[in-house]
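Structure file run-v4.tsv; described as TSV, C-alpha atoms.
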chain	number	residue	atom	x	y	z
J	89	MET	CA	-58.93	9.14	110.23
J	90	GLU	CA	-60.23	5.63	110.63
J	91	LYS	CA	-61.68	5.65	114.14
J	92	LYS	CA	-62.44	2.40	115.89
J	93	PRO	CA	-65.86	2.32	117.50
J	94	ASP	CA	-65.54	2.24	121.29
J	95	PHE	CA	-66.04	-0.98	123.16
J	96	GLY	CA	-69.65	-0.28	124.18
J	97	GLU	CA	-70.56	0.49	120.64
J	98	GLN	CA	-68.87	-2.66	119.39
J	99	GLU	CA	-70.75	-4.76	121.92
J	100	ARG	CA	-74.04	-3.14	120.96
J	101	LEU	CA	-73.26	-3.75	117.30
J	102	SER	CA	-72.60	-7.47	117.74
J	103	GLU	CA	-75.69	-7.72	119.94
J	104	GLN	CA	-77.79	-6.03	117.26
J	105	ALA	CA	-76.27	-8.27	114.60
J	106	SER	CA	-77.14	-11.47	116.43
J	107	THR	CA	-80.67	-10.16	117.15
J	108	LEU	CA	-81.00	-9.45	113.44
J	109	MET	CA	-79.83	-12.98	112.58
J	110	GLU	CA	-82.31	-14.40	115.03
J	111	HIS	CA	-85.22	-12.41	113.59
J	112	VAL	CA	-84.32	-13.34	110.04
J	113	SER	CA	-83.94	-17.05	110.77
J	114	ASN	CA	-87.27	-16.97	112.65
J	115	GLY	CA	-88.90	-15.31	109.68
J	116	ASN	CA	-89.71	-12.26	111.77
J	117	TYR	CA	-89.05	-9.67	109.07
J	118	ALA	CA	-90.84	-6.71	110.66
J	119	GLU	CA	-88.62	-7.03	113.73
J	120	ALA	CA	-85.57	-7.55	111.51
J	121	MET	CA	-86.33	-4.27	109.68
J	122	LYS	CA	-86.57	-2.51	113.02
J	123	VAL	CA	-83.10	-3.75	113.98
J	124	ILE	CA	-81.74	-2.66	110.61
J	125	SER	CA	-83.07	0.85	111.12
J	126	GLU	CA	-81.54	0.85	114.61
J	127	LEU	CA	-78.21	-0.13	113.03
J	128	ASN	CA	-78.63	2.72	110.58
J	129	GLU	CA	-79.22	5.11	113.43
J	130	THR	CA	-76.06	3.94	115.19
J	131	ARG	CA	-74.10	4.48	112.01
J	132	ASP	CA	-75.60	7.93	111.44
J	133	ARG	CA	-74.91	8.90	115.04
J	134	THR	CA	-71.19	8.01	114.72
J	135	LEU	CA	-71.05	10.00	111.51
J	136	TYR	CA	-72.74	13.04	113.01
J	137	GLN	CA	-70.41	12.91	115.99
J	138	GLU	CA	-67.36	12.84	113.71
J	139	VAL	CA	-68.66	15.68	111.55
J	140	GLY	CA	-69.53	17.62	114.70
J	141	LYS	CA	-66.02	17.15	116.08
J	142	LEU	CA	-64.48	18.30	112.82
J	143	THR	CA	-66.76	21.30	112.63
J	144	ARG	CA	-65.78	22.25	116.16
J	145	SER	CA	-62.06	21.99	115.43
J	146	LEU	CA	-62.51	24.03	112.27
J	147	HIS	CA	-64.31	26.73	114.25
J	148	GLU	CA	-61.60	26.54	116.87
J	149	ALA	CA	-58.88	26.99	114.24
J	150	ILE	CA	-60.61	30.04	112.84
J	151	ARG	CA	-61.35	31.47	116.29
J	152	ARG	CA	-57.72	31.02	117.35
J	153	PHE	CA	-56.66	33.11	114.40
J	154	ALA	CA	-56.40	36.31	116.37
J	155	ILE	CA	-53.16	38.18	116.24
J	156	ASP	CA	-51.33	39.43	119.30
J	157	ILE	CA	-48.40	41.61	118.43
J	158	GLY	CA	-46.48	44.45	119.95
J	159	THR	CA	-47.94	47.74	121.03
J	160	VAL	CA	-51.53	48.75	121.74
J	161	GLN	CA	-51.43	50.83	118.61
J	162	GLN	CA	-50.44	47.84	116.52
J	163	GLN	CA	-53.13	45.74	118.18
J	164	GLU	CA	-55.68	48.40	117.35
J	165	GLU	CA	-54.44	48.44	113.82
J	166	MET	CA	-54.59	44.64	113.65
J	167	SER	CA	-57.96	44.27	115.36
J	168	LYS	CA	-59.52	46.04	112.40
J	169	ILE	CA	-58.32	43.20	110.28
J	170	ALA	CA	-60.81	40.46	110.74
J	171	ASP	CA	-59.81	37.61	108.48
J	172	ALA	CA	-56.92	36.08	106.66
J	173	SER	CA	-57.49	37.73	103.31
J	174	ASP	CA	-57.65	41.12	104.99
J	175	ARG	CA	-54.41	40.25	106.73
J	176	LEU	CA	-52.76	39.35	103.47
J	177	ALA	CA	-54.10	42.54	101.92
J	178	TYR	CA	-52.41	44.32	104.82
J	179	VAL	CA	-49.14	42.58	103.90
J	180	VAL	CA	-49.52	43.66	100.28
J	181	ASP	CA	-50.21	47.20	101.43
J	182	MET	CA	-47.24	47.28	103.82
J	183	THR	CA	-44.80	45.87	101.28
J	184	ASN	CA	-46.18	48.24	98.66
J	185	LYS	CA	-45.67	51.24	100.94
J	186	ALA	CA	-42.16	50.12	101.87
J	187	ALA	CA	-41.21	49.55	98.24
J	188	ASN	CA	-42.54	52.95	97.23
J	189	LYS	CA	-40.88	54.70	100.15
J	190	THR	CA	-37.58	53.04	99.29
J	191	MET	CA	-37.93	54.02	95.65
J	192	ASP	CA	-38.83	57.62	96.62
J	193	LEU	CA	-35.63	57.84	98.63
J	194	VAL	CA	-33.55	56.18	95.93
J	195	GLU	CA	-34.98	58.52	93.30
J	196	ALA	CA	-34.20	61.47	95.59
J	197	SER	CA	-30.62	60.26	96.12
J	198	MET	CA	-29.70	59.49	92.53
J	199	PRO	CA	-29.68	63.12	91.27
J	200	LEU	CA	-27.51	64.10	94.27
J	201	ALA	CA	-24.93	61.52	93.25
J	202	VAL	CA	-25.21	62.61	89.61
J	203	ASP	CA	-24.67	66.28	90.58
J	204	ILE	CA	-21.55	65.44	92.59
J	205	ARG	CA	-20.25	63.27	89.81
J	206	ASN	CA	-20.78	65.89	87.11
J	207	GLU	CA	-19.24	68.72	89.12
J	208	ALA	CA	-16.29	66.49	90.11
J	209	GLY	CA	-15.75	65.64	86.45
J	210	GLU	CA	-15.66	69.31	85.44
J	211	LEU	CA	-13.42	70.25	88.36
J	212	LYS	CA	-11.04	67.42	87.51
J	213	GLU	CA	-10.76	68.79	84.02
J	214	ALA	CA	-10.11	72.35	85.31
J	215	TRP	CA	-7.66	71.00	87.87
J	216	GLY	CA	-5.74	69.26	85.11
J	217	ARG	CA	-5.46	72.52	83.19
J	218	LEU	CA	-4.19	74.23	86.33
J	219	ARG	CA	-1.54	71.56	86.82
J	220	ARG	CA	-0.48	71.86	83.23
J	221	ARG	CA	-0.27	75.65	83.87
J	222	GLU	CA	-2.83	76.36	81.18
J	223	MET	CA	-5.00	78.52	83.43
J	224	ASP	CA	-5.01	82.29	83.60
J	225	PRO	CA	-5.42	84.08	86.98
J	226	SER	CA	-9.10	85.04	86.48
J	227	GLU	CA	-9.94	81.43	85.65
J	228	PHE	CA	-8.00	80.30	88.68
J	229	ARG	CA	-9.98	82.65	90.95
J	230	GLU	CA	-13.16	81.15	89.47
J	231	LEU	CA	-11.86	77.63	90.13
J	232	TYR	CA	-10.92	78.59	93.67
J	233	LYS	CA	-14.51	79.67	94.41
J	234	ARG	CA	-15.92	76.69	92.62
J	235	ILE	CA	-13.88	74.25	94.70
J	236	ASP	CA	-15.11	75.92	97.87
J	237	LYS	CA	-18.69	75.59	96.66
J	238	PHE	CA	-18.08	72.00	95.62
J	239	PHE	CA	-16.82	71.03	99.08
J	240	LEU	CA	-19.96	72.53	100.60
J	241	GLU	CA	-22.19	70.74	98.08
J	242	LEU	CA	-20.30	67.51	98.63
J	243	THR	CA	-20.87	67.69	102.37
J	244	GLN	CA	-24.55	68.59	102.00
J	245	ASN	CA	-25.29	65.95	99.37
J	246	SER	CA	-23.42	63.25	101.28
J	247	ASP	CA	-25.42	64.10	104.39
J	248	LYS	CA	-28.67	63.90	102.40
J	249	VAL	CA	-27.69	60.61	100.78
J	250	TYR	CA	-26.65	59.21	104.15
J	251	GLY	CA	-29.97	60.33	105.64
J	252	ASN	CA	-31.89	58.75	102.77
J	253	LEU	CA	-29.94	55.52	103.17
J	254	SER	CA	-30.81	55.31	106.87
J	255	GLU	CA	-34.46	55.94	106.02
J	256	ILE	CA	-34.26	53.14	103.46
J	257	LEU	CA	-32.85	50.93	106.19
J	258	LEU	CA	-35.75	51.79	108.47
J	259	ALA	CA	-38.28	51.26	105.68
J	260	GLN	CA	-37.35	47.55	105.80
J	261	ASP	CA	-39.08	47.19	109.19
J	262	PHE	CA	-42.18	45.99	107.34
J	263	GLN	CA	-40.50	42.58	107.08
J	264	ASP	CA	-40.89	42.06	110.82
J	265	LEU	CA	-44.61	42.91	110.87
J	266	THR	CA	-45.55	41.24	107.60
J	267	GLY	CA	-43.46	38.21	108.59
J	268	GLN	CA	-45.51	37.82	111.76
J	269	VAL	CA	-48.79	38.21	109.90
J	270	ILE	CA	-47.76	35.73	107.23
J	271	GLN	CA	-46.67	33.20	109.85
J	272	LYS	CA	-50.09	33.49	111.51
J	273	VAL	CA	-51.84	33.02	108.19
J	274	THR	CA	-49.58	30.05	107.39
J	275	THR	CA	-50.44	28.43	110.72
J	276	LEU	CA	-54.15	28.95	110.06
J	277	VAL	CA	-53.86	27.56	106.56
J	278	ARG	CA	-52.06	24.50	107.91
J	279	GLU	CA	-54.69	23.91	110.58
J	280	VAL	CA	-57.53	24.41	108.16
J	281	GLU	CA	-55.83	22.06	105.72
J	282	GLU	CA	-55.44	19.35	108.37
J	283	ASN	CA	-59.07	19.67	109.28
J	284	LEU	CA	-60.11	19.69	105.65
J	285	VAL	CA	-58.14	16.51	105.04
J	286	ASN	CA	-60.02	14.94	107.93
J	287	LEU	CA	-63.27	16.22	106.50
J	288	VAL	CA	-62.43	14.76	103.10
J	289	ALA	CA	-61.57	11.44	104.77
J	290	MET	CA	-64.95	11.59	106.53
J	291	ALA	CA	-66.69	12.40	103.29
J	292	GLY	CA	-64.90	9.42	101.76
J	293	LYS	CA	-66.28	7.21	104.54
J	294	VAL	CA	-69.77	8.58	103.96
J	295	ASP	CA	-69.40	7.84	100.25
J	296	ARG	CA	-68.25	4.28	100.94
J	297	LEU	CA	-71.09	3.67	103.38
J	298	THR	CA	-73.72	5.10	101.11
J	299	GLY	CA	-72.19	3.89	97.87
J	300	ILE	CA	-72.04	7.32	96.24
J	301	GLN	CA	-69.63	7.65	93.32
J	302	HIS	CA	-68.27	10.98	92.19
J	303	ASP	CA	-67.18	11.90	88.72
J	304	MET	CA	-63.76	13.21	89.66
J	305	LYS	CA	-61.84	14.98	86.93
J	306	ALA	CA	-58.39	16.24	87.74
J	307	GLU	CA	-58.22	19.94	86.94
J	308	GLN	CA	-55.95	20.55	84.01
J	309	GLU	CA	-53.24	23.11	84.61
J	310	ASP	CA	-53.52	25.94	82.13
J	311	ILE	CA	-50.06	27.26	81.40
J	312	MET	CA	-51.52	30.25	79.61
J	313	LYS	CA	-52.81	31.48	82.95
J	314	GLY	CA	-50.11	32.95	85.08
J	315	GLN	CA	-48.87	30.65	87.80
J	316	GLY	CA	-46.70	33.07	89.73
J	317	PRO	CA	-43.22	32.42	91.03
J	318	GLN	CA	-42.16	28.76	91.27
J	319	MET	CA	-40.85	27.50	94.59
J	320	ASN	CA	-38.36	24.68	95.16
J	321	THR	CA	-37.15	24.71	91.59
J	322	GLU	CA	-34.03	22.69	92.34
J	323	GLY	CA	-34.02	19.34	90.62
J	324	ARG	CA	-37.21	20.09	88.69
J	325	SER	CA	-36.95	19.76	84.95
J	326	ASP	CA	-40.24	21.50	84.06
J	327	VAL	CA	-39.12	24.80	85.54
J	328	VAL	CA	-36.19	27.08	84.77
J	329	SER	CA	-34.12	28.13	87.75
J	330	SER	CA	-32.25	31.09	86.30
J	331	GLN	CA	-32.06	33.55	83.45
J	332	ASP	CA	-29.29	31.37	81.99
J	333	ASP	CA	-31.78	28.48	81.77
J	334	VAL	CA	-34.23	30.77	79.96
J	335	ASP	CA	-31.52	31.89	77.53
J	336	ASP	CA	-30.45	28.28	76.88
J	337	LEU	CA	-34.04	27.20	76.28
J	338	LEU	CA	-34.71	30.10	73.92
J	339	SER	CA	-31.49	29.54	71.98
J	340	SER	CA	-32.40	25.85	71.63
J	341	LEU	CA	-35.61	27.12	70.01
J	342	GLY	CA	-33.57	29.13	67.54
J	343	PHE	CA	-33.63	32.50	69.29
Q	282	MET	CA	-38.26	55.64	71.54
Q	283	LYS	CA	-41.65	55.31	73.25
Q	284	ILE	CA	-42.09	52.35	75.59
Q	285	LEU	CA	-45.18	50.87	77.26
Q	286	VAL	CA	-44.60	49.09	80.56
Q	287	VAL	CA	-47.39	46.67	81.55
Q	288	ASP	CA	-47.50	45.14	85.03
Q	289	ASP	CA	-50.29	44.89	87.59
Q	290	PHE	CA	-47.93	45.90	90.41
Q	291	SER	CA	-47.13	49.60	90.42
Q	292	THR	CA	-43.84	48.99	92.23
Q	293	MET	CA	-42.63	46.71	89.45
Q	294	ARG	CA	-43.67	49.27	86.82
Q	295	ARG	CA	-41.71	51.86	88.74
Q	296	ILE	CA	-38.61	49.66	88.98
Q	297	ILE	CA	-38.71	48.93	85.25
Q	298	LYS	CA	-39.28	52.60	84.41
Q	299	ASN	CA	-36.29	53.56	86.57
Q	300	LEU	CA	-34.07	50.97	84.91
Q	301	LEU	CA	-35.24	52.08	81.47
Q	302	ARG	CA	-34.46	55.68	82.36
Q	303	ASP	CA	-30.95	54.66	83.39
Q	304	LEU	CA	-30.60	53.06	79.97
Q	305	GLY	CA	-31.60	56.36	78.39
Q	306	PHE	CA	-35.25	55.59	77.68
Q	307	THR	CA	-37.21	58.41	79.26
Q	308	ASN	CA	-40.41	58.26	77.21
Q	309	THR	CA	-42.36	55.54	79.01
Q	310	GLU	CA	-46.01	54.98	79.79
Q	311	GLU	CA	-47.71	52.46	82.06
Q	312	ALA	CA	-50.67	50.10	81.98
Q	313	ASP	CA	-51.79	47.66	84.66
Q	314	ASP	CA	-53.00	44.82	82.42
Q	315	GLY	CA	-53.50	43.75	78.82
Q	316	GLN	CA	-56.98	45.22	78.59
Q	317	THR	CA	-55.72	48.71	79.37
Q	318	ALA	CA	-52.54	48.22	77.37
Q	319	LEU	CA	-54.07	47.12	74.05
Q	320	PRO	CA	-56.03	50.31	73.26
Q	321	MET	CA	-53.01	52.37	74.33
Q	322	LEU	CA	-50.82	50.40	71.94
Q	323	LYS	CA	-53.31	50.84	69.11
Q	324	THR	CA	-53.39	54.62	69.38
Q	325	GLY	CA	-50.14	55.52	71.16
Q	326	LYS	CA	-47.45	54.87	68.53
Q	327	PHE	CA	-45.28	52.83	70.88
Q	328	ASP	CA	-41.93	51.45	69.72
Q	329	PHE	CA	-41.48	48.82	72.39
Q	330	LEU	CA	-43.60	46.80	74.81
Q	331	VAL	CA	-42.40	45.44	78.16
Q	332	THR	CA	-45.01	43.21	79.78
Q	333	ASP	CA	-45.58	40.96	82.75
Q	334	TRP	CA	-47.39	37.64	82.21
Q	335	ASN	CA	-49.60	37.12	85.24
Q	336	MET	CA	-52.14	39.93	85.36
Q	337	PRO	CA	-55.89	40.13	86.02
Q	338	GLY	CA	-58.15	40.93	83.09
Q	339	MET	CA	-55.89	40.19	80.17
Q	340	THR	CA	-52.60	38.37	80.75
Q	341	GLY	CA	-49.31	39.25	79.11
Q	342	ILE	CA	-49.35	36.22	76.82
Q	343	GLU	CA	-52.86	37.13	75.64
Q	344	LEU	CA	-51.65	40.67	75.06
Q	345	LEU	CA	-48.71	39.33	73.06
Q	346	GLN	CA	-51.05	37.19	70.96
Q	347	ALA	CA	-53.37	40.17	70.41
Q	348	VAL	CA	-50.41	42.32	69.37
Q	349	ARG	CA	-49.16	39.72	66.88
Q	350	ALA	CA	-52.67	39.33	65.49
Q	351	ASP	CA	-53.07	43.07	64.92
Q	352	GLU	CA	-51.97	44.27	61.49
Q	353	SER	CA	-50.63	47.58	62.77
Q	354	LEU	CA	-48.88	46.13	65.84
Q	355	LYS	CA	-47.60	42.76	64.67
Q	356	ASN	CA	-44.00	43.92	64.32
Q	357	LEU	CA	-43.83	45.63	67.72
Q	358	PRO	CA	-40.88	44.27	69.73
Q	359	VAL	CA	-42.11	42.67	72.95
Q	360	LEU	CA	-40.05	41.85	76.03
Q	361	MET	CA	-41.64	39.67	78.67
Q	362	VAL	CA	-40.53	40.35	82.24
Q	363	THR	CA	-42.22	37.81	84.43
Q	364	ALA	CA	-42.01	35.39	87.35
Q	365	GLU	CA	-43.48	32.64	85.15
Q	366	ALA	CA	-40.72	30.06	84.99
Q	367	LYS	CA	-42.20	26.91	83.48
Q	368	ARG	CA	-40.42	25.65	80.42
Q	369	ASP	CA	-43.76	25.14	78.67
Q	370	GLN	CA	-44.61	28.77	79.28
Q	371	ILE	CA	-41.34	30.04	77.85
Q	372	VAL	CA	-41.88	27.83	74.79
Q	373	ALA	CA	-45.45	29.16	74.49
Q	374	ALA	CA	-44.17	32.75	74.68
Q	375	ALA	CA	-41.57	32.00	72.01
Q	376	GLN	CA	-44.23	30.46	69.80
Q	377	ALA	CA	-46.46	33.49	70.33
Q	378	GLY	CA	-43.61	35.62	68.99
Q	379	VAL	CA	-41.96	37.16	72.03
Q	380	ASN	CA	-38.67	38.97	71.34
Q	381	GLY	CA	-37.11	38.48	74.76
Q	382	TYR	CA	-37.89	36.78	78.06
Q	383	VAL	CA	-36.60	37.92	81.44
Q	384	VAL	CA	-37.47	35.97	84.61
Q	385	LYS	CA	-38.04	37.77	87.86
Q	386	PRO	CA	-36.17	38.46	90.02
Q	387	PHE	CA	-33.89	40.07	87.48
Q	388	THR	CA	-30.93	42.44	87.50
Q	389	ALA	CA	-30.44	45.75	85.71
Q	390	ALA	CA	-27.65	44.12	83.67
Q	391	VAL	CA	-29.96	41.36	82.40
Q	392	LEU	CA	-32.67	43.82	81.42
Q	393	LYS	CA	-30.11	45.97	79.61
Q	394	GLU	CA	-28.63	42.98	77.79
Q	395	LYS	CA	-32.02	41.71	76.59
Q	396	ILE	CA	-33.19	45.13	75.43
Q	397	GLU	CA	-29.94	45.73	73.55
Q	398	LYS	CA	-30.18	42.29	71.95
Q	399	ILE	CA	-33.72	42.99	70.77
Q	400	PHE	CA	-32.76	46.28	69.13
Q	401	GLU	CA	-29.60	44.81	67.66
Q	402	ARG	CA	-31.72	42.29	65.80
Q	403	ILE	CA	-34.20	44.90	64.63
Q	404	ASP	CA	-31.67	47.44	63.36
Whole structure given in structure tokens:
Amino acid sequence: MEKKPDFGEQERLSEQASTLMEHVSNGNYAEAMKVISELNETRDRTLYQEVGKLTRSLHEAIRRFAIDIGTVQQQEEMSKIADASDRLAYVVDMTNKAANKTMDLVEASMPLAVDIRNEAGELKEAWGRLRRREMDPSEFRELYKRIDKFFLELTQNSDKVYGNLSEILLAQDFQDLTGQVIQKVTTLVREVEENLVNLVAMAGKVDRLTGIQHDMKAEQEDIMKGQGPQMNTEGRSDVVSSQDDVDDLLSSLGF
Amino acid sequence: MKILVVDDFSTMRRIIKNLLRDLGFTNTEEADDGQTALPMLKTGKFDFLVTDWNMPGMTGIELLQAVRADESLKNLPVLMVTAEAKRDQIVAAAQAGVNGYVVKPFTAAVLKEKIEKIFERID
């Protein structure tokens, strides 16, 4: 963010410069030093103004990070969440709850399907014996009752499974809320980043003006530390994009 | 067949446990990182280890290295189930002696295939 000094400032600067020249050529060093310190002040003032502006916009970005969603109840819920990391913790919590709820319902549904499947298998076998006329009357009466019971069970289990499936559907509503929260956090991160970039540019200017040199070492990426999921893997050769890639890589290593 | 499932996310542990149960493995225990897993492995007589990579405390790759360095555990089959997808990481896991590597998100079929392949080789 290279800002041009305004016209007044420029004029003052050239005025001060010629005064300085004058003093130096006249051998008036005490006066020359005074002008130099005035120049310094001008420079510092510009710097402070820039830093002040950046600080204000940073504050503004953080202040603006207040969520406004949906119902009063949701607002109450959200107002307890003061900062971005709390908000992200809320997302983790919501997704965790939704995942667990979904898994509860799936785990409740699976045995119902297994029961129906097992009973249907046994009935099919008995039905086959009936068709082949291998069944005596007492067995048939048993089968008769069993089929009645099976139809009842089938209806009940299907209803339960259907109910569980609709609850699973509803449990996905977290996506709406967490999506909104994440979008807010993303916006904040972007704003903060922009302001930070400006701040870094300012710091760079300060360094140039004052002649400070930093010992900058690029941080080495440690692959042994987990890096989490990779995004935008397409066209990247350092990252696998599917299980097939993993399998190919491992087999090339002799696996 | 006793299996230890190590992942810092309880939902992922639950998913893996469910899939393992469908494959007929009902004797499973859980740990949330390498530090909790290692003492369990040392005393628990486990036959198989399924671990994530990225975990606080002790990561999955460190756990794998610790397992291979331990006289009583060094032959334990280890399957890595992880979102870590850098080629260098997969090579590092292979060098550390992993028996299988599954990248998240994964399917039940992939998990089944890798587990079967591991036990095929061992039998």
ask   = Between CA of Asn252 (chain J) and CA of Ile204 (chain J), what is the distance, to one decimal in Å?
value = 16.0 Å
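For the choices Q:Val359, Q:Met339, Q:Val287, Q:Ala347, the atom-to-atom distance to chain J is smallest for Q:Met339 when using only C-alpha atoms.
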request  = Pull out every residue of chain J that has at least one atom within 7 Å of chain Q, counting all atoms listed in the file, and report them as a list in words.
outcome  =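 Output check: Asn184, Ala187, Asn188, Ile311, Met312, Lys313, Gly314, Gln315, Gly316, Pro317, Gln318, Asp326, Val327, Val328 and Gln331 of chain J.
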Please, could you write that set of residues out with C-alpha atoms as a CSV table (one decimal), in the frame of the given file?
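What ended up in result11.csv:
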chain,number,residue,atom,x,y,z
J,184,ASN,CA,-46.2,48.2,98.7
J,187,ALA,CA,-41.2,49.6,98.2
J,188,ASN,CA,-42.5,53.0,97.2
J,311,ILE,CA,-50.1,27.3,81.4
J,312,MET,CA,-51.5,30.2,79.6
J,313,LYS,CA,-52.8,31.5,83.0
J,314,GLY,CA,-50.1,33.0,85.1
J,315,GLN,CA,-48.9,30.6,87.8
J,316,GLY,CA,-46.7,33.1,89.7
J,317,PRO,CA,-43.2,32.4,91.0
J,318,GLN,CA,-42.2,28.8,91.3
J,326,ASP,CA,-40.2,21.5,84.1
J,327,VAL,CA,-39.1,24.8,85.5
J,328,VAL,CA,-36.2,27.1,84.8
J,331,GLN,CA,-32.1,33.6,83.4
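When the distance limit is 6 Å and all atoms listed in the file are what count, the residues near region 315-327 of chain Q, minus those fewer than 2 positions from it on the same chain, are Lys283, Ile284, Ala312, Phe329, Met339, Thr340 and Leu344 of chain Q.
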Restricting the output to C-alpha atoms, write the selected residues as a PDB file, keeping the file's coordinate frame.
ATOM      1  CA  LYS Q 283     -41.650  55.310  73.250  1.00  0.00           C
ATOM      2  CA  ILE Q 284     -42.090  52.350  75.590  1.00  0.00           C
ATOM      3  CA  ALA Q 312     -50.670  50.100  81.980  1.00  0.00           C
ATOM      4  CA  PHE Q 329     -41.480  48.820  72.390  1.00  0.00           C
ATOM      5  CA  MET Q 339     -55.890  40.190  80.170  1.00  0.00           C
ATOM      6  CA  THR Q 340     -52.600  38.370  80.750  1.00  0.00           C
ATOM      7  CA  LEU Q 344     -51.650  40.670  75.060  1.00  0.00           C
TER       8      LEU Q 344
END
request  = Kindly give the distance, in Å, that separates CA of Phe228 (chain J) and CA of Ala201 (chain J), rounded to a single decimal.
outcome  = 25.7 Å
Calculate, to one decimal in Å, the centre and edge lengths of the box along x, y and z of the file that holds all listed atoms of region 195-211 of chain J with 5 Å of margin on each side, and present them as JSON.
{"center_x": -24.2, "center_y": 64.4, "center_z": 90.8, "size_x": 31.6, "size_y": 21.7, "size_z": 20.7}
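When only C-alpha atoms are used to measure the gap to Ala259 (chain J), the shortest distance among J:Ser226, J:Ala289, J:Met182, J:Leu176 belongs to J:Met182.
Taking CA of Asp313 (chain Q) and CA of Asp289 (chain Q) as the two end points, the separation is 4.3 Å.
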